[in-house]
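Have a look at start.txt; it's compact mmCIF, C-alpha atoms and all ligand atoms:
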# COMPACT_ATOMS: atom_id res chain seq x y z
CA MET A 1 -24.42 8.44 -33.47
CA THR A 2 -26.73 11.45 -33.13
CA ALA A 3 -25.48 15.00 -33.20
CA SER A 4 -26.28 15.49 -29.51
CA SER A 5 -24.37 12.50 -28.17
CA SER A 6 -20.77 13.46 -27.52
CA PRO A 7 -18.16 11.02 -28.81
CA ALA A 8 -16.24 9.26 -26.08
CA PHE A 9 -12.96 10.92 -27.03
CA LEU A 10 -14.46 14.35 -26.37
CA ALA A 11 -15.83 13.47 -22.94
CA PRO A 12 -14.18 15.47 -20.15
CA ARG A 13 -11.41 13.54 -18.40
CA PRO A 14 -12.37 12.69 -14.87
CA THR A 15 -10.05 14.16 -12.26
CA LEU A 16 -7.86 11.49 -10.78
CA LEU A 17 -8.06 11.01 -7.03
CA PRO A 18 -4.78 11.32 -5.09
CA LEU A 19 -3.72 8.02 -3.55
CA ASP A 20 -3.80 9.37 0.01
CA ASP A 21 -7.39 10.60 -0.43
CA ALA A 22 -8.44 7.23 -1.84
CA LEU A 23 -6.74 5.43 1.03
CA ALA A 24 -8.40 7.69 3.59
CA GLN A 25 -11.79 6.93 2.02
CA LEU A 26 -11.14 3.19 1.99
CA LEU A 27 -10.06 3.22 5.61
CA SER A 28 -13.17 5.17 6.59
CA PHE A 29 -15.23 2.31 5.14
CA ALA A 30 -13.06 -0.34 6.78
CA THR A 31 -14.74 -0.18 10.16
CA PRO A 32 -13.42 -3.26 11.91
CA GLU A 33 -16.81 -4.99 11.95
CA ILE A 34 -15.11 -8.34 12.03
CA GLY A 35 -12.65 -7.08 14.64
CA VAL A 36 -15.26 -6.66 17.38
CA ALA A 37 -14.94 -8.91 20.40
CA ALA A 38 -18.06 -10.90 19.46
CA ALA A 39 -16.47 -11.99 16.22
CA TYR A 40 -13.31 -13.49 17.61
CA GLU A 41 -12.44 -17.15 17.37
CA LEU A 42 -10.08 -19.31 19.41
CA VAL A 43 -7.36 -20.64 17.13
CA ASP A 44 -4.53 -23.06 17.80
CA THR A 45 -1.37 -21.01 18.40
CA PHE A 46 0.45 -23.06 15.75
CA GLU A 47 -2.02 -21.72 13.15
CA ALA A 48 -2.02 -18.06 14.19
CA ASP A 49 0.86 -16.69 12.10
CA GLY A 50 -0.12 -13.47 10.32
CA ARG A 51 -3.50 -13.20 12.07
CA VAL A 52 -4.72 -10.31 14.23
CA LEU A 53 -5.16 -10.69 17.97
CA ALA A 54 -8.70 -9.89 19.21
CA GLN A 55 -7.90 -9.34 22.91
CA ASP A 56 -4.97 -8.17 25.04
CA LEU A 57 -2.89 -11.09 26.28
CA HIS A 58 -1.92 -10.84 29.95
CA SER A 59 0.77 -13.08 31.33
CA PRO A 60 -0.36 -15.35 34.16
CA LEU A 61 3.25 -15.91 35.25
CA HIS A 62 6.75 -14.49 35.31
CA ILE A 63 9.02 -15.31 32.36
CA PRO A 64 11.40 -16.79 33.28
CA PRO A 65 9.39 -18.26 36.15
CA GLN A 66 12.44 -18.49 38.48
CA ASP A 67 15.98 -17.14 38.62
CA ASN A 68 18.00 -19.52 36.45
CA SER A 69 21.44 -20.01 35.07
CA SER A 70 22.43 -18.64 31.67
CA MET A 71 25.59 -20.80 31.58
CA ASP A 72 26.81 -24.29 32.25
CA GLY A 73 28.98 -23.95 35.37
CA TYR A 74 28.71 -23.75 39.14
CA ALA A 75 26.26 -21.82 41.33
CA VAL A 76 28.13 -20.23 44.23
CA ARG A 77 27.86 -17.90 47.17
CA CYS A 78 30.21 -15.04 46.24
CA SER A 79 31.29 -14.72 49.87
CA ASP A 80 32.66 -18.30 49.68
CA VAL A 81 34.91 -17.45 46.71
CA GLN A 82 36.95 -14.56 48.09
CA ASN A 83 40.17 -16.60 48.27
CA PRO A 84 41.25 -17.76 44.77
CA ALA A 85 43.06 -20.74 46.13
CA ALA A 86 40.03 -22.00 48.03
CA GLN A 87 38.69 -25.40 47.09
CA LEU A 88 34.96 -25.91 47.27
CA SER A 89 33.08 -29.17 47.22
CA VAL A 90 30.26 -29.72 44.74
CA SER A 91 27.30 -30.54 46.96
CA GLN A 92 24.56 -30.99 44.32
CA ARG A 93 23.86 -31.19 40.62
CA ILE A 94 20.98 -29.19 39.06
CA ALA A 95 20.09 -29.84 35.42
CA ALA A 96 17.48 -27.89 33.42
CA GLY A 97 14.06 -29.25 34.34
CA SER A 98 15.05 -30.27 37.87
CA GLU A 99 14.81 -28.41 41.14
CA GLY A 100 17.79 -27.97 43.47
CA SER A 101 17.87 -27.66 47.22
CA PRO A 102 19.22 -24.70 49.23
CA LEU A 103 22.98 -24.38 48.73
CA GLN A 104 24.96 -25.48 51.77
CA PRO A 105 27.40 -22.74 52.84
CA GLY A 106 30.97 -23.37 51.68
CA THR A 107 29.88 -25.57 48.77
CA VAL A 108 28.91 -25.01 45.14
CA ALA A 109 26.23 -26.58 42.92
CA ARG A 110 26.99 -28.01 39.49
CA ILE A 111 24.42 -26.20 37.31
CA PHE A 112 23.38 -26.19 33.66
CA THR A 113 21.84 -23.54 31.42
CA GLY A 114 18.18 -23.00 32.26
CA ALA A 115 18.35 -24.76 35.64
CA PRO A 116 16.94 -22.88 38.65
CA ILE A 117 19.42 -21.12 40.92
CA PRO A 118 19.36 -22.82 44.35
CA ALA A 119 18.38 -20.71 47.35
CA GLY A 120 21.47 -19.10 48.87
CA ALA A 121 23.52 -18.94 45.64
CA ASP A 122 24.06 -15.44 44.26
CA ALA A 123 26.20 -16.04 41.15
CA VAL A 124 27.16 -18.61 38.56
CA VAL A 125 30.75 -19.19 37.51
CA MET A 126 31.06 -20.59 34.01
CA GLN A 127 32.71 -23.97 33.84
CA GLU A 128 35.54 -22.56 31.70
CA ASP A 129 36.60 -20.47 34.73
CA CYS A 130 36.71 -23.44 37.13
CA GLU A 131 39.26 -26.15 37.65
CA LEU A 132 37.79 -29.53 38.50
CA LEU A 133 40.18 -31.21 40.93
CA ALA A 134 40.25 -34.88 40.05
CA GLU A 135 42.69 -35.72 42.85
CA LEU A 136 40.97 -35.29 46.17
CA PRO A 137 43.21 -34.33 49.11
CA ALA A 138 43.72 -37.42 51.36
CA GLN A 139 42.59 -35.56 54.47
CA SER A 140 39.33 -34.41 52.85
CA VAL A 141 36.37 -34.83 55.18
CA ASP A 142 33.72 -35.12 52.50
CA SER A 143 35.93 -37.15 50.22
CA ALA A 144 32.93 -38.52 48.28
CA LEU A 145 32.30 -35.10 46.73
CA PRO A 146 34.25 -33.71 43.77
CA ARG A 147 35.93 -30.37 44.44
CA ILE A 148 36.64 -27.36 42.27
CA ARG A 149 38.89 -24.33 42.40
CA ILE A 150 37.68 -20.98 41.06
CA ALA A 151 40.36 -18.64 39.74
CA GLN A 152 38.39 -15.36 39.71
CA THR A 153 36.16 -13.76 42.31
CA PRO A 154 32.64 -13.71 40.87
CA GLN A 155 30.37 -10.65 40.80
CA PRO A 156 27.01 -11.07 42.57
CA GLY A 157 24.31 -11.80 40.00
CA GLN A 158 26.62 -12.89 37.21
CA TRP A 159 25.20 -15.39 34.67
CA ILE A 160 21.84 -15.36 36.44
CA ARG A 161 18.67 -14.67 34.46
CA ARG A 162 16.23 -13.06 36.88
CA ALA A 163 12.66 -14.27 37.33
CA GLY A 164 10.35 -11.98 35.34
CA GLU A 165 13.17 -10.20 33.52
CA ASP A 166 11.45 -10.95 30.19
CA VAL A 167 7.79 -10.72 31.27
CA SER A 168 6.40 -10.00 34.72
CA ARG A 169 3.19 -11.62 35.95
CA GLY A 170 0.09 -9.61 34.89
CA ALA A 171 1.88 -7.66 32.15
CA VAL A 172 0.30 -7.35 28.70
CA VAL A 173 2.62 -9.23 26.36
CA LEU A 174 0.63 -8.68 23.16
CA ARG A 175 -2.04 -6.07 22.54
CA ARG A 176 -5.34 -6.48 20.79
CA GLY A 177 -4.81 -5.47 17.17
CA ALA A 178 -1.30 -6.93 17.05
CA ARG A 179 -0.53 -8.80 13.87
CA LEU A 180 1.09 -12.02 14.99
CA SER A 181 4.58 -12.75 13.74
CA PRO A 182 6.48 -16.00 14.28
CA ALA A 183 8.19 -14.29 17.23
CA SER A 184 4.82 -13.33 18.76
CA LEU A 185 3.68 -16.95 18.56
CA GLY A 186 6.77 -17.92 20.56
CA LEU A 187 6.02 -15.29 23.18
CA ALA A 188 2.35 -16.32 23.44
CA ALA A 189 3.39 -19.96 23.84
CA GLY A 190 5.90 -18.87 26.49
CA ILE A 191 3.07 -17.63 28.70
CA GLY A 192 1.17 -20.89 28.24
CA GLN A 193 -1.28 -20.06 25.42
CA ALA A 194 -2.13 -23.15 23.36
CA GLN A 195 -4.91 -21.18 21.66
CA LEU A 196 -5.32 -17.50 20.88
CA PRO A 197 -8.37 -15.23 20.53
CA LEU A 198 -8.12 -14.01 16.94
CA VAL A 199 -10.18 -11.73 14.78
CA ARG A 200 -12.03 -13.99 12.39
CA ARG A 201 -10.67 -14.27 8.88
CA PRO A 202 -12.13 -11.81 6.35
CA ARG A 203 -13.98 -13.84 3.72
CA VAL A 204 -12.68 -12.63 0.38
CA ALA A 205 -14.04 -13.67 -3.02
CA ILE A 206 -11.69 -13.11 -5.93
CA PHE A 207 -12.13 -13.31 -9.64
CA SER A 208 -10.13 -12.35 -12.68
CA THR A 209 -11.76 -10.80 -15.74
CA GLY A 210 -10.42 -11.10 -19.24
CA ASP A 211 -11.37 -13.32 -22.21
CA GLU A 212 -7.67 -13.54 -23.09
CA LEU A 213 -6.83 -15.32 -19.83
CA VAL A 214 -5.90 -18.98 -19.71
CA MET A 215 -4.99 -20.94 -16.62
CA PRO A 216 -1.50 -22.40 -16.51
CA GLY A 217 -1.85 -26.15 -16.78
CA SER A 218 -5.00 -26.00 -18.91
CA VAL A 219 -3.13 -25.23 -22.15
CA ALA A 220 0.53 -26.02 -22.84
CA PRO A 221 2.68 -23.00 -23.80
CA ALA A 222 3.19 -24.35 -27.35
CA GLN A 223 -0.58 -24.71 -27.83
CA MET A 224 -1.53 -21.19 -26.67
CA LYS A 225 -3.85 -19.52 -29.18
CA PRO A 226 -2.77 -16.11 -30.48
CA GLY A 227 -4.02 -13.34 -28.22
CA THR A 228 -4.21 -15.48 -25.11
CA ILE A 229 -2.03 -15.11 -22.02
CA TYR A 230 -1.71 -17.01 -18.78
CA ASN A 231 -3.46 -15.63 -15.72
CA SER A 232 -0.72 -14.24 -13.48
CA ASN A 233 -2.72 -12.00 -11.17
CA ARG A 234 -4.76 -14.81 -9.69
CA PHE A 235 -1.62 -16.38 -8.27
CA PHE A 236 -0.09 -13.41 -6.50
CA LEU A 237 -3.45 -12.09 -5.31
CA ARG A 238 -4.33 -15.37 -3.67
CA ALA A 239 -0.92 -15.65 -2.04
CA LEU A 240 -1.06 -12.07 -0.74
CA LEU A 241 -4.58 -12.58 0.64
CA LYS A 242 -3.56 -15.73 2.45
CA ARG A 243 -0.62 -13.98 4.07
CA LEU A 244 -3.07 -11.35 5.32
CA GLY A 245 -5.14 -14.00 7.07
CA CYS A 246 -8.04 -14.02 4.61
CA ALA A 247 -10.30 -16.97 3.79
CA VAL A 248 -10.26 -16.92 -0.01
CA THR A 249 -13.01 -18.10 -2.35
CA ASP A 250 -11.54 -18.16 -5.84
CA ARG A 251 -14.24 -17.78 -8.49
CA GLY A 252 -11.73 -18.19 -11.33
CA ILE A 253 -12.04 -16.27 -14.57
CA VAL A 254 -15.21 -14.36 -15.41
CA PRO A 255 -15.82 -13.57 -19.09
CA ASP A 256 -15.88 -10.00 -20.36
CA GLN A 257 -19.67 -9.80 -20.46
CA ARG A 258 -21.96 -7.49 -18.56
CA GLU A 259 -24.42 -10.15 -17.36
CA ALA A 260 -21.72 -12.62 -16.35
CA THR A 261 -19.94 -9.87 -14.43
CA ILE A 262 -23.14 -8.79 -12.65
CA ASP A 263 -23.96 -12.41 -11.77
CA ALA A 264 -20.49 -13.07 -10.38
CA LEU A 265 -20.52 -9.89 -8.28
CA ARG A 266 -24.03 -10.48 -6.97
CA GLU A 267 -23.29 -14.05 -5.99
CA ALA A 268 -19.99 -13.16 -4.32
CA SER A 269 -21.56 -10.30 -2.34
CA ALA A 270 -23.94 -12.64 -0.53
CA ALA A 271 -21.45 -14.50 1.66
CA HIS A 272 -18.25 -12.47 1.60
CA ASP A 273 -16.88 -9.48 3.43
CA VAL A 274 -14.81 -8.41 0.43
CA ILE A 275 -14.89 -8.94 -3.34
CA LEU A 276 -11.59 -8.45 -5.14
CA THR A 277 -11.41 -8.41 -8.92
CA SER A 278 -8.61 -7.84 -11.39
CA GLY A 279 -8.99 -6.33 -14.84
CA GLY A 280 -11.99 -4.85 -16.65
CA VAL A 281 -12.13 -1.72 -14.53
CA SER A 282 -10.99 0.79 -17.17
CA VAL A 283 -13.10 2.66 -19.69
CA GLY A 284 -13.10 0.35 -22.73
CA GLU A 285 -16.21 -1.43 -24.05
CA GLU A 286 -14.79 -4.68 -22.70
CA ASP A 287 -14.54 -3.24 -19.19
CA HIS A 288 -17.73 -4.28 -17.41
CA ILE A 289 -16.74 -4.01 -13.78
CA LYS A 290 -17.60 -0.35 -13.16
CA PRO A 291 -21.13 -0.42 -14.64
CA ALA A 292 -21.80 -3.79 -12.98
CA VAL A 293 -20.88 -2.45 -9.53
CA GLN A 294 -23.00 0.65 -10.15
CA ALA A 295 -25.92 -1.54 -11.17
CA LEU A 296 -25.72 -3.61 -7.98
CA GLY A 297 -24.46 -1.11 -5.43
CA SER A 298 -22.41 2.05 -5.29
CA LEU A 299 -18.98 3.09 -6.47
CA HIS A 300 -17.09 5.43 -4.13
CA VAL A 301 -13.59 5.59 -5.59
CA TRP A 302 -12.54 5.26 -9.21
CA GLN A 303 -9.32 6.18 -11.01
CA LEU A 304 -6.33 7.28 -9.00
CA ALA A 305 -3.53 9.73 -9.66
CA MET A 306 -0.88 7.04 -9.38
CA LYS A 307 1.34 5.13 -11.78
CA PRO A 308 1.02 2.24 -12.09
CA GLY A 309 -2.49 1.70 -10.79
CA LYS A 310 -4.77 4.35 -12.25
CA PRO A 311 -7.78 2.08 -12.91
CA PHE A 312 -8.54 1.22 -9.26
CA ALA A 313 -12.08 1.17 -7.87
CA TYR A 314 -13.75 0.83 -4.48
CA GLY A 315 -17.45 0.40 -3.84
CA LYS A 316 -20.08 -1.45 -1.84
CA ILE A 317 -22.42 -4.20 -3.00
CA GLY A 318 -24.85 -4.79 -0.18
CA ALA A 319 -22.73 -5.34 2.92
CA ALA A 320 -19.73 -6.49 0.90
CA HIS A 321 -16.81 -4.22 0.10
CA PHE A 322 -15.80 -4.20 -3.54
CA LEU A 323 -12.17 -3.60 -4.56
CA GLY A 324 -11.40 -3.54 -8.27
CA LEU A 325 -7.78 -3.81 -9.33
CA PRO A 326 -6.33 -3.02 -12.75
CA GLY A 327 -5.54 -5.96 -15.03
CA ASN A 328 -1.95 -5.08 -15.77
CA PRO A 329 -0.01 -7.31 -13.42
CA VAL A 330 2.31 -4.67 -11.93
CA SER A 331 -0.62 -2.26 -11.47
CA SER A 332 -2.60 -5.02 -9.83
CA LEU A 333 0.24 -5.91 -7.46
CA VAL A 334 1.08 -2.30 -6.56
CA THR A 335 -2.54 -1.28 -5.89
CA PHE A 336 -2.96 -4.41 -3.80
CA VAL A 337 -0.03 -3.65 -1.51
CA LEU A 338 -0.74 0.09 -1.24
CA LEU A 339 -4.55 0.01 -0.95
CA VAL A 340 -6.01 -3.45 -0.43
CA ARG A 341 -3.45 -4.50 2.16
CA PRO A 342 -4.07 -1.55 4.53
CA PHE A 343 -7.82 -1.95 3.93
CA LEU A 344 -7.81 -5.63 4.90
CA LEU A 345 -5.67 -4.96 7.96
CA ALA A 346 -7.99 -2.13 9.06
CA LEU A 347 -11.00 -4.39 8.54
CA GLN A 348 -9.42 -6.80 11.02
CA GLY A 349 -8.79 -4.01 13.53
CA ALA A 350 -5.01 -4.25 13.13
CA SER A 351 -3.19 -1.49 15.00
CA GLN A 352 -0.60 -1.04 12.25
CA VAL A 353 -1.91 -0.80 8.70
CA HIS A 354 0.77 1.36 7.05
CA GLU A 355 4.37 0.40 6.44
CA PRO A 356 7.05 2.99 7.13
CA SER A 357 9.29 4.08 4.26
CA VAL A 358 12.95 5.00 4.53
CA LEU A 359 15.06 7.56 2.67
CA LEU A 360 17.77 6.00 0.51
CA PRO A 361 20.00 7.45 -2.20
CA ALA A 362 18.93 6.82 -5.79
CA HIS A 363 21.77 5.29 -7.78
CA PHE A 364 19.87 6.12 -10.93
CA SER A 365 18.26 9.14 -12.49
CA TRP A 366 14.63 9.61 -13.49
CA PRO A 367 14.66 12.66 -15.69
CA ARG A 368 11.00 12.71 -16.77
CA ALA A 369 8.53 13.85 -14.14
CA ASP A 370 5.00 12.45 -14.32
CA LYS A 371 1.75 14.20 -13.40
CA ARG A 372 0.90 11.17 -11.27
CA ARG A 373 2.65 9.91 -8.14
CA GLU A 374 4.86 7.06 -9.30
CA PHE A 375 5.93 3.81 -7.71
CA LEU A 376 9.17 2.66 -9.29
CA ARG A 377 10.49 -0.89 -8.98
CA VAL A 378 13.97 -0.75 -7.51
CA ARG A 379 16.50 -2.92 -5.73
CA ARG A 380 18.87 -2.11 -2.86
CA ASN A 381 22.49 -2.51 -3.84
CA ALA A 382 25.58 -3.38 -1.80
CA ALA A 383 26.61 0.29 -1.68
CA GLY A 384 23.43 1.18 0.24
CA GLY A 385 21.72 2.81 -2.72
CA LEU A 386 18.87 1.90 -5.04
CA ASP A 387 19.12 0.56 -8.59
CA LEU A 388 16.22 0.99 -10.99
CA PHE A 389 14.74 -1.83 -13.06
CA PRO A 390 15.20 -0.67 -16.67
CA ASN A 391 11.63 -1.43 -17.82
CA GLN A 392 9.01 0.29 -15.67
CA SER A 393 6.03 -0.76 -17.82
CA SER A 394 2.98 -1.83 -15.84
CA GLY A 395 2.89 -5.13 -17.69
CA VAL A 396 6.43 -6.18 -16.80
CA LEU A 397 6.09 -8.41 -13.78
CA THR A 398 9.81 -9.23 -13.89
CA SER A 399 10.41 -5.79 -12.34
CA THR A 400 8.63 -6.93 -9.17
CA VAL A 401 10.70 -10.08 -8.86
CA TRP A 402 14.03 -8.45 -9.73
CA GLY A 403 13.16 -5.53 -7.42
CA ASP A 404 12.92 -5.69 -3.66
CA GLY A 405 10.71 -2.66 -3.20
CA LEU A 406 9.17 0.54 -4.50
CA VAL A 407 10.32 4.12 -4.69
CA ASP A 408 7.45 6.43 -3.85
CA ASN A 409 8.09 9.37 -6.17
CA PRO A 410 5.81 12.41 -5.71
CA ALA A 411 3.87 13.78 -8.69
CA GLY A 412 5.84 16.19 -10.86
CA GLN A 413 9.22 15.15 -9.45
CA THR A 414 12.38 14.17 -11.29
CA ILE A 415 15.13 12.18 -9.57
CA GLY A 416 18.82 12.92 -9.93
CA HIS A 417 21.59 10.45 -9.22
CA GLY A 418 22.29 10.58 -5.46
CA ASP A 419 18.96 12.17 -4.49
CA ALA A 420 17.33 10.79 -1.34
CA VAL A 421 14.11 8.98 -2.28
CA ARG A 422 11.40 7.20 -0.28
CA PHE A 423 11.74 3.41 -0.36
CA ILE A 424 9.28 0.78 0.91
CA SER A 425 10.41 -2.84 0.81
CA PHE A 426 8.41 -5.72 -0.62
CA ALA A 427 9.40 -7.68 2.48
CA GLN A 428 7.07 -5.35 4.42
CA LEU A 429 4.41 -4.99 1.76
CA PHE A 430 4.11 -8.71 0.94
CA ASN A 431 3.82 -9.62 4.61
P1 LIG B 1 -7.64 -4.68 -18.31
O1 LIG B 1 -7.43 -3.93 -17.02
O2 LIG B 1 -8.67 -5.72 -18.23
O3 LIG B 1 -7.86 -3.72 -19.43
O4 LIG B 1 -6.27 -5.42 -18.60
C1 LIG B 1 -5.07 -4.68 -18.79
C2 LIG B 1 -3.96 -5.60 -19.26
O5 LIG B 1 -3.69 -6.54 -18.25
C3 LIG B 1 -4.28 -6.41 -20.48
O6 LIG B 1 -3.12 -6.47 -21.27
C4 LIG B 1 -4.65 -7.75 -19.94
O7 LIG B 1 -4.42 -8.78 -20.87
C5 LIG B 1 -3.74 -7.86 -18.74
N1 LIG B 1 -4.34 -8.73 -17.72
C6 LIG B 1 -5.59 -8.61 -17.22
N2 LIG B 1 -5.82 -9.55 -16.30
C7 LIG B 1 -4.67 -10.27 -16.19
C8 LIG B 1 -4.30 -11.40 -15.41
N3 LIG B 1 -5.13 -11.94 -14.53
N4 LIG B 1 -3.05 -11.89 -15.57
C9 LIG B 1 -2.19 -11.33 -16.45
N5 LIG B 1 -2.49 -10.28 -17.20
C10 LIG B 1 -3.72 -9.75 -17.09
MG MG B 2 -9.65 -6.87 -19.62
Structure translated into structure tokens:
Amino acid sequence: MTASSSPAFLAPRPTLLPLDDALAQLLSFATPEIGVAAAYELVDTFEADGRVLAQDLHSPLHIPPQDNSSMDGYAVRCSDVQNPAAQLSVSQRIAAGSEGSPLQPGTVARIFTGAPIPAGADAVVMQEDCELLAELPAQSVDSALPRIRIAQTPQPGQWIRRAGEDVSRGAVVLRRGARLSPASLGLAAGIGQAQLPLVRRPRVAIFSTGDELVMPGSVAPAQMKPGTIYNSNRFFLRALLKRLGCAVTDRGIVPDQREATIDALREASAAHDVILTSGGVSVGEEDHIKPAVQALGSLHVWQLAMKPGKPFAYGKIGAAHFLGLPGNPVSSLVTFVLLVRPFLLALQGASQVHEPSVLLPAHFSWPRADKRREFLRVRRNAAGGLDLFPNQSSGVLTSTVWGDGLVDNPAGQTIGHGDAVRFISFAQLFN
């Protein structure tokens, strides 16, 4: 070392970027280039769960299409049922899937749930409120027809589901940018859509860095060499990406070498919208990600004022977006859900990219404030409060399985027992 070169430990510490600023920068780069109308694809509705809709969906019909019964019972004219003792003959039977004929005055129609209300009927009486008269009076004129007696006077409209009460013809049932849930698939199918116009899947290449990493299955636990660990990040990252509708190319584990890292990044950048890496993005000599990205493209974000998750990076390599996650599993998971997830949703033109948090009482205390904004692994308890996982280390993945969400604790803040804190659930963030 020469006298002029400053030792690494004396180098000025870079200022850490606040999470919100980093997120704003990422989102400004996430122009929905794959969300434009030209890039949509028609996908079988069965396969559309979790994907983003590329066009508004208008309903070509009313849902329900006709007035129909919401009960098994009898369709009546209310004016025929003013006298509780009156007996009425059952002039027709209408099951779901069939079509009745206009209701003859002075008669009722046997009707089942979902069957169309016959013209002339203005209410349904549930079968529990009717007495079926097995014995027909001897003098009955239409003795071939069964007769019923209705104890209570019905209200007009009762037990009738009105045509269009769910969706009226021409209405937009789902908007462009909607992320499709199982319920949305049901609604889309209900208006007759066998296929849906979806934003095409982002093509995401992932790789893990770390010479210590071993794939489960390749070495038995008892044979693991000292210093090696199984690759955890690859599994949750792939699962999270799939849930977000991405087409994943998994490049496996890349060794901690500059040239290998550059080669992997260059190759991935050619045919992918996004490159996602884990590990190797800190400042040690074995961390090759940052210089490799700078050699191939540009780095826009590096090192965040958050805990866990400080060593996060964003950059561009050619047209591809680069997102570098820390290697520590909890840091990797937390930066994914707080940064990569909104980025990937924005890239697809999703209308909602952020998840709302709620205020809940802390049933724990956190007496030591940190300079960085912290994300604590917690679990909702039966008393409506939050319990804290005892080990908040960024390597302890158990905290993310035991926990059901994160407390977003501002920088410099302590938490006292009973304080209201911001909670975001994993159910939202993993979706
Ligand atoms: P790094 O960010 O590469 O310095 O890694 C930080 C810590 O995370 C180290 O203890 C690594 O062994 C660990 N780590 C890195 N990648 C993974 C991975 N894919 N799965 C599990 N642990 C990892
Ligand atoms: Mg490493």
From the options A:Val378, A:Ala48, A:Ala22, A:Leu213, which residue's atoms come nearest to Pro182 (chain A), counting all atoms listed in the file?
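The shortest atom-to-atom distance to Pro182 (chain A) comes from A:Ala48.
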Centre, edges in Å (one decimal): axis-aligned box, ligand LIG 1 (chain B), 4 Å padding on all six sides, as lines of an AutoDock Vina configuration file:
center_x = -5.4
center_y = -7.8
center_z = -17.9
size_x = 14.5
size_y = 16.2
size_z = 14.7
Protein/DNA/RNA residues near (11.5, 2.6, 6.3), cut 10 Å, only C-alpha atoms, as a VMD selection string:
chain A and resid 355 to 360 422 to 425 428
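A distance cut-off of 8 Å around (22.5, -22.8, 36.4), counting all atoms listed in the file, selects these protein and nucleic acid residues: Asn68, Ser69, Ser70, Met71, Asp72, Gly73, Tyr74, Ala75, Ile94, Ala95, Ala96, Arg110, Ile111, Phe112, Thr113, Gly114, Ala115, Pro116, Ile117, Val124 and Ile160 of chain A.
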So which one's closest to Ile148 (chain A), A:Pro390, A:Pro102, A:Gly192, A:Pro84? Using all atoms listed in the file, please.
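Of A:Pro390, A:Pro102, A:Gly192, A:Pro84, the one nearest Ile148 (chain A) is A:Pro84, counting all atoms listed in the file.
One finds CA of Ser28 (chain A) at 28.6 Å from CA of Asp370 (chain A).
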For the interface of chain A with ligand MG 2 (chain B) (cut-off 12 Å, counting only C-alpha atoms and all ligand atoms), please tabulate each contacting residue of chain A alongside its nearest pair of atoms and their separation in Å to one decimal, rows sorted by chain and increasing number, as CSV.
residue,atom,partner,partner_atom,distance
A:Ser208,CA,B:MG2,MG,8.9
A:Thr209,CA,B:MG2,MG,5.9
A:Gly210,CA,B:MG2,MG,4.3
A:Asp211,CA,B:MG2,MG,7.2
A:Glu212,CA,B:MG2,MG,7.8
A:Leu213,CA,B:MG2,MG,8.9
A:Thr228,CA,B:MG2,MG,11.6
A:Ile229,CA,B:MG2,MG,11.5
A:Asn231,CA,B:MG2,MG,11.4
A:Ile253,CA,B:MG2,MG,10.9
A:Val254,CA,B:MG2,MG,10.2
A:Pro255,CA,B:MG2,MG,9.1
A:Asp256,CA,B:MG2,MG,7.0
A:Gln257,CA,B:MG2,MG,10.5
A:Thr261,CA,B:MG2,MG,11.9
A:Thr277,CA,B:MG2,MG,11.0
A:Ser278,CA,B:MG2,MG,8.4
A:Gly279,CA,B:MG2,MG,4.9
A:Gly280,CA,B:MG2,MG,4.3
A:Val281,CA,B:MG2,MG,7.7
A:Ser282,CA,B:MG2,MG,8.2
A:Val283,CA,B:MG2,MG,10.1
A:Gly284,CA,B:MG2,MG,8.6
A:Glu285,CA,B:MG2,MG,9.6
A:Glu286,CA,B:MG2,MG,6.4
A:Asp287,CA,B:MG2,MG,6.1
A:His288,CA,B:MG2,MG,8.8
A:Ile289,CA,B:MG2,MG,9.6
A:Pro311,CA,B:MG2,MG,11.3
A:Gly324,CA,B:MG2,MG,12.0
A:Leu325,CA,B:MG2,MG,10.9
A:Pro326,CA,B:MG2,MG,8.5
A:Gly327,CA,B:MG2,MG,6.2
A:Asn328,CA,B:MG2,MG,8.8
A:Pro329,CA,B:MG2,MG,11.5
Selected residues written out, C-alpha atoms, as a compact mmCIF listing (two decimals), in the coordinates of the input:
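out.txt written:
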# COMPACT_ATOMS: atom_id res chain seq x y z
CA SER A 208 -10.13 -12.35 -12.68
CA THR A 209 -11.76 -10.80 -15.74
CA GLY A 210 -10.42 -11.10 -19.24
CA ASP A 211 -11.37 -13.32 -22.21
CA GLU A 212 -7.67 -13.54 -23.09
CA LEU A 213 -6.83 -15.32 -19.83
CA THR A 228 -4.21 -15.48 -25.11
CA ILE A 229 -2.03 -15.11 -22.02
CA ASN A 231 -3.46 -15.63 -15.72
CA ILE A 253 -12.04 -16.27 -14.57
CA VAL A 254 -15.21 -14.36 -15.41
CA PRO A 255 -15.82 -13.57 -19.09
CA ASP A 256 -15.88 -10.00 -20.36
CA GLN A 257 -19.67 -9.80 -20.46
CA THR A 261 -19.94 -9.87 -14.43
CA THR A 277 -11.41 -8.41 -8.92
CA SER A 278 -8.61 -7.84 -11.39
CA GLY A 279 -8.99 -6.33 -14.84
CA GLY A 280 -11.99 -4.85 -16.65
CA VAL A 281 -12.13 -1.72 -14.53
CA SER A 282 -10.99 0.79 -17.17
CA VAL A 283 -13.10 2.66 -19.69
CA GLY A 284 -13.10 0.35 -22.73
CA GLU A 285 -16.21 -1.43 -24.05
CA GLU A 286 -14.79 -4.68 -22.70
CA ASP A 287 -14.54 -3.24 -19.19
CA HIS A 288 -17.73 -4.28 -17.41
CA ILE A 289 -16.74 -4.01 -13.78
CA PRO A 311 -7.78 2.08 -12.91
CA GLY A 324 -11.40 -3.54 -8.27
CA LEU A 325 -7.78 -3.81 -9.33
CA PRO A 326 -6.33 -3.02 -12.75
CA GLY A 327 -5.54 -5.96 -15.03
CA ASN A 328 -1.95 -5.08 -15.77
CA PRO A 329 -0.01 -7.31 -13.42
